[in-house]
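Source file protein_11.tsv; content: TSV, N, CA and C atoms.
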chain	number	residue	atom	x	y	z
A	1	MET	N	32.34	20.53	1.46
A	1	MET	CA	31.25	19.63	1.76
A	1	MET	C	31.80	18.52	2.66
A	2	ARG	N	31.39	18.54	3.92
A	2	ARG	CA	31.85	17.56	4.88
A	2	ARG	C	30.70	16.67	5.31
A	3	THR	N	31.03	15.49	5.80
A	3	THR	CA	30.03	14.56	6.28
A	3	THR	C	29.58	14.96	7.68
A	4	ASP	N	28.28	15.05	7.87
A	4	ASP	CA	27.71	15.36	9.18
A	4	ASP	C	27.71	14.08	10.01
A	5	LYS	N	28.61	13.99	10.97
A	5	LYS	CA	28.80	12.75	11.73
A	5	LYS	C	27.60	12.43	12.61
A	6	GLU	N	26.96	13.45	13.19
A	6	GLU	CA	25.79	13.20	14.03
A	6	GLU	C	24.65	12.61	13.20
A	7	LEU	N	24.45	13.13	12.02
A	7	LEU	CA	23.41	12.63	11.14
A	7	LEU	C	23.75	11.22	10.64
A	8	LEU	N	25.02	10.98	10.43
A	8	LEU	CA	25.46	9.65	10.00
A	8	LEU	C	25.22	8.61	11.09
A	9	ILE	N	25.46	8.97	12.34
A	9	ILE	CA	25.21	8.07	13.46
A	9	ILE	C	23.71	7.81	13.60
A	10	LYS	N	22.91	8.86	13.40
A	10	LYS	CA	21.45	8.69	13.43
A	10	LYS	C	21.00	7.73	12.33
A	11	GLY	N	21.60	7.85	11.16
A	11	GLY	CA	21.29	6.95	10.05
A	11	GLY	C	21.66	5.51	10.37
A	12	LEU	N	22.79	5.31	11.04
A	12	LEU	CA	23.20	3.96	11.42
A	12	LEU	C	22.24	3.36	12.45
A	13	LYS	N	21.74	4.19	13.36
A	13	LYS	CA	20.76	3.70	14.33
A	13	LYS	C	19.48	3.26	13.62
A	14	PHE	N	19.01	4.08	12.69
A	14	PHE	CA	17.81	3.71	11.96
A	14	PHE	C	18.04	2.49	11.08
A	15	LEU	N	19.26	2.34	10.58
A	15	LEU	CA	19.58	1.15	9.80
A	15	LEU	C	19.53	-0.10	10.68
A	16	GLY	N	19.95	0.03	11.93
A	16	GLY	CA	19.85	-1.09	12.87
A	16	GLY	C	18.40	-1.46	13.14
A	17	TYR	N	17.55	-0.44	13.33
A	17	TYR	CA	16.12	-0.70	13.51
A	17	TYR	C	15.54	-1.38	12.27
A	18	THR	N	15.97	-0.93	11.10
A	18	THR	CA	15.48	-1.50	9.85
A	18	THR	C	15.83	-2.98	9.76
A	19	VAL	N	17.07	-3.32	10.08
A	19	VAL	CA	17.49	-4.72	10.01
A	19	VAL	C	16.70	-5.56	11.01
A	20	ALA	N	16.46	-5.01	12.20
A	20	ALA	CA	15.68	-5.75	13.20
A	20	ALA	C	14.26	-6.01	12.68
A	21	PHE	N	13.62	-5.00	12.09
A	21	PHE	CA	12.28	-5.19	11.56
A	21	PHE	C	12.29	-6.12	10.35
A	22	MET	N	13.37	-6.10	9.56
A	22	MET	CA	13.46	-6.97	8.39
A	22	MET	C	13.54	-8.44	8.79
A	23	PHE	N	14.09	-8.74	9.95
A	23	PHE	CA	14.11	-10.12	10.42
A	23	PHE	C	12.86	-10.47	11.20
A	24	LEU	N	12.31	-9.52	11.93
A	24	LEU	CA	11.15	-9.79	12.78
A	24	LEU	C	9.87	-9.97	11.96
A	25	ALA	N	9.67	-9.17	10.94
A	25	ALA	CA	8.43	-9.23	10.17
A	25	ALA	C	8.23	-10.59	9.47
A	26	PRO	N	9.21	-11.13	8.75
A	26	PRO	CA	8.98	-12.44	8.12
A	26	PRO	C	8.80	-13.55	9.16
A	27	PHE	N	9.45	-13.44	10.31
A	27	PHE	CA	9.28	-14.44	11.36
A	27	PHE	C	7.84	-14.44	11.87
A	28	VAL	N	7.29	-13.26	12.12
A	28	VAL	CA	5.91	-13.15	12.62
A	28	VAL	C	4.92	-13.63	11.56
A	29	ILE	N	5.16	-13.27	10.31
A	29	ILE	CA	4.26	-13.70	9.23
A	29	ILE	C	4.31	-15.22	9.06
A	30	SER	N	5.49	-15.81	9.12
A	30	SER	CA	5.59	-17.27	8.99
A	30	SER	C	4.94	-17.99	10.17
A	31	GLN	N	5.04	-17.42	11.37
A	31	GLN	CA	4.37	-18.02	12.52
A	31	GLN	C	2.86	-17.95	12.36
A	32	ALA	N	2.37	-16.88	11.76
A	32	ALA	CA	0.93	-16.77	11.52
A	32	ALA	C	0.47	-17.83	10.54
A	33	PHE	N	1.24	-18.05	9.47
A	33	PHE	CA	0.83	-19.05	8.47
A	33	PHE	C	0.98	-20.47	8.99
A	34	LYS	N	1.86	-20.69	9.95
A	34	LYS	CA	1.99	-22.03	10.54
A	34	LYS	C	0.79	-22.38	11.41
A	35	ASN	N	0.13	-21.37	11.96
A	35	ASN	CA	-0.98	-21.59	12.88
A	35	ASN	C	-2.28	-21.01	12.32
A	36	GLN	N	-2.64	-21.43	11.12
A	36	GLN	CA	-3.83	-20.87	10.47
A	36	GLN	C	-5.13	-21.26	11.18
A	37	ASP	N	-5.15	-22.37	11.91
A	37	ASP	CA	-6.37	-22.78	12.58
A	37	ASP	C	-6.53	-22.15	13.96
A	38	HIS	N	-5.55	-21.38	14.39
A	38	HIS	CA	-5.60	-20.73	15.70
A	38	HIS	C	-6.47	-19.47	15.61
A	39	PRO	N	-7.20	-19.12	16.68
A	39	PRO	CA	-8.06	-17.92	16.62
A	39	PRO	C	-7.28	-16.61	16.46
A	40	ALA	N	-6.01	-16.59	16.84
A	40	ALA	CA	-5.22	-15.37	16.75
A	40	ALA	C	-4.48	-15.26	15.41
A	41	TYR	N	-4.89	-16.06	14.43
A	41	TYR	CA	-4.21	-16.06	13.13
A	41	TYR	C	-4.26	-14.69	12.46
A	42	VAL	N	-5.44	-14.10	12.37
A	42	VAL	CA	-5.59	-12.83	11.66
A	42	VAL	C	-4.86	-11.69	12.37
A	43	PRO	N	-4.99	-11.54	13.70
A	43	PRO	CA	-4.24	-10.45	14.34
A	43	PRO	C	-2.72	-10.59	14.21
A	44	VAL	N	-2.22	-11.80	14.31
A	44	VAL	CA	-0.77	-12.00	14.18
A	44	VAL	C	-0.32	-11.71	12.75
A	45	LEU	N	-1.13	-12.11	11.78
A	45	LEU	CA	-0.80	-11.82	10.38
A	45	LEU	C	-0.80	-10.32	10.12
A	46	VAL	N	-1.77	-9.61	10.68
A	46	VAL	CA	-1.85	-8.16	10.50
A	46	VAL	C	-0.64	-7.49	11.15
A	47	ILE	N	-0.26	-7.95	12.33
A	47	ILE	CA	0.93	-7.39	13.01
A	47	ILE	C	2.18	-7.63	12.17
A	48	GLY	N	2.31	-8.82	11.60
A	48	GLY	CA	3.45	-9.13	10.74
A	48	GLY	C	3.50	-8.25	9.51
A	49	LEU	N	2.35	-8.02	8.90
A	49	LEU	CA	2.30	-7.16	7.71
A	49	LEU	C	2.63	-5.71	8.07
A	50	LEU	N	2.14	-5.25	9.21
A	50	LEU	CA	2.49	-3.90	9.66
A	50	LEU	C	3.98	-3.77	9.93
A	51	LEU	N	4.57	-4.80	10.52
A	51	LEU	CA	6.03	-4.78	10.76
A	51	LEU	C	6.79	-4.73	9.44
A	52	ALA	N	6.30	-5.43	8.43
A	52	ALA	CA	6.95	-5.41	7.12
A	52	ALA	C	6.86	-4.01	6.49
A	53	ILE	N	5.71	-3.36	6.63
A	53	ILE	CA	5.55	-2.00	6.10
A	53	ILE	C	6.48	-1.04	6.84
A	54	VAL	N	6.58	-1.20	8.16
A	54	VAL	CA	7.49	-0.36	8.95
A	54	VAL	C	8.93	-0.58	8.52
A	55	ALA	N	9.31	-1.82	8.24
A	55	ALA	CA	10.67	-2.12	7.79
A	55	ALA	C	10.98	-1.41	6.47
A	56	ILE	N	10.04	-1.43	5.55
A	56	ILE	CA	10.24	-0.76	4.26
A	56	ILE	C	10.36	0.75	4.47
A	57	GLY	N	9.48	1.31	5.29
A	57	GLY	CA	9.53	2.75	5.55
A	57	GLY	C	10.82	3.17	6.22
A	58	PHE	N	11.25	2.40	7.24
A	58	PHE	CA	12.51	2.71	7.91
A	58	PHE	C	13.69	2.58	6.95
A	59	GLY	N	13.61	1.65	6.01
A	59	GLY	CA	14.68	1.50	5.02
A	59	GLY	C	14.84	2.74	4.17
A	60	PHE	N	13.72	3.25	3.66
A	60	PHE	CA	13.78	4.47	2.86
A	60	PHE	C	14.24	5.67	3.69
A	61	TYR	N	13.74	5.73	4.94
A	61	TYR	CA	14.10	6.86	5.79
A	61	TYR	C	15.59	6.83	6.15
A	62	SER	N	16.13	5.65	6.42
A	62	SER	CA	17.55	5.58	6.76
A	62	SER	C	18.42	5.91	5.55
A	63	ILE	N	17.99	5.54	4.35
A	63	ILE	CA	18.74	5.93	3.15
A	63	ILE	C	18.70	7.45	2.97
A	64	LYS	N	17.55	8.06	3.25
A	64	LYS	CA	17.43	9.51	3.16
A	64	LYS	C	18.37	10.19	4.16
A	65	ILE	N	18.44	9.67	5.36
A	65	ILE	CA	19.33	10.24	6.38
A	65	ILE	C	20.78	10.12	5.94
A	66	PHE	N	21.16	8.97	5.38
A	66	PHE	CA	22.53	8.80	4.88
A	66	PHE	C	22.85	9.81	3.78
A	67	MET	N	21.92	10.00	2.86
A	67	MET	CA	22.15	10.95	1.77
A	67	MET	C	22.30	12.37	2.30
A	68	ASP	N	21.47	12.72	3.29
A	68	ASP	CA	21.58	14.05	3.88
A	68	ASP	C	22.90	14.20	4.64
A	69	ALA	N	23.37	13.16	5.28
A	69	ALA	CA	24.63	13.23	6.03
A	69	ALA	C	25.82	13.36	5.09
A	70	ILE	N	25.78	12.65	3.98
A	70	ILE	CA	26.93	12.66	3.08
A	70	ILE	C	26.93	13.89	2.17
A	71	PHE	N	25.80	14.21	1.57
A	71	PHE	CA	25.75	15.28	0.59
A	71	PHE	C	25.21	16.59	1.14
A	72	GLY	N	24.66	16.59	2.32
A	72	GLY	CA	24.10	17.80	2.88
A	72	GLY	C	22.65	17.99	2.46
A	73	LYS	N	21.93	18.74	3.28
A	73	LYS	CA	20.52	18.99	2.96
A	73	LYS	C	20.42	20.05	1.88
A	74	LYS	N	19.39	19.92	1.05
A	74	LYS	CA	19.15	20.94	0.02
A	74	LYS	C	18.55	22.16	0.68
A	75	SER	N	19.10	23.30	0.40
A	75	SER	CA	18.58	24.54	0.95
A	75	SER	C	17.56	25.14	-0.02
A	76	LYS	N	16.43	25.57	0.52
A	76	LYS	CA	15.40	26.18	-0.31
A	76	LYS	C	15.69	27.68	-0.38
A	77	SER	N	16.11	28.14	-1.54
A	77	SER	CA	16.42	29.56	-1.68
A	77	SER	C	15.66	30.18	-2.84
Can you dump the structure from the file as structure tokens?
Amino acid sequence: MRTDKELLIKGLKFLGYTVAFMFLAPFVISQAFKNQDHPAYVPVLVIGLLLAIVAIGFGFYSIKIFMDAIFGKKSKS
């Protein structure tokens, strides 16, 4: 059982995207709450919440890629 290096690199790339979204989403949400009287409050808040959901999804997906790289994919037999 060897580590799949290509899959591991793919997992690291997705982990980088995850970290970027983890910092971007709270920033966008906080900017929305700072400007509650602005007409673009709701769209900015919705974008921030979507970014937070994407960050959570990418987090789970990158962990799955790491597990597949280290332990190998399960074969359906």
Residue list (alpha helix (DSSP H), DSSP) for chain A, as a PyMOL selection string: chain A and resi 5-34+41-71
Nearest candidate to A:Lys10 (options A:Phe58, A:Phe33, A:Phe23, A:Phe66; using only C-alpha atoms): A:Phe66
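Note that atom N of A:Met22 and atom C of A:Leu51 are 6.7 Å apart.
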Local residues around (8.7, -0.8, 7.7), at most 10 Å away, using only C-alpha atoms, as a PyMOL selection string: chain A and resi 17-19+21-22+25+49-61
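Of the residues under consideration (A:Ile65, A:Val42, A:Lys73, A:Pro26), A:Ile65 shows the shortest atom-to-atom contact distance to A:Glu6 when counting only C-alpha atoms.
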Point-to-point distance from atom CA of A:Phe14 to atom CA of A:Ile70, Å rounded to tenths: 15.6 Å
Nearby residues (all atoms listed in the file) at most 8 Å from A:Asp68, same-chain spacing under 4 positions excluded, as a PyMOL selection string: chain A and resi 3-4+7-8+62-64+72-74
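The residue that comes closest to A:Val28, out of A:Gly48, A:Gly11, A:Gly16, A:Pro43 and on the basis of all atoms listed in the file, is A:Gly48.
You will find atom N of A:Val44 at 6.5 Å from atom CA of A:Ala32.
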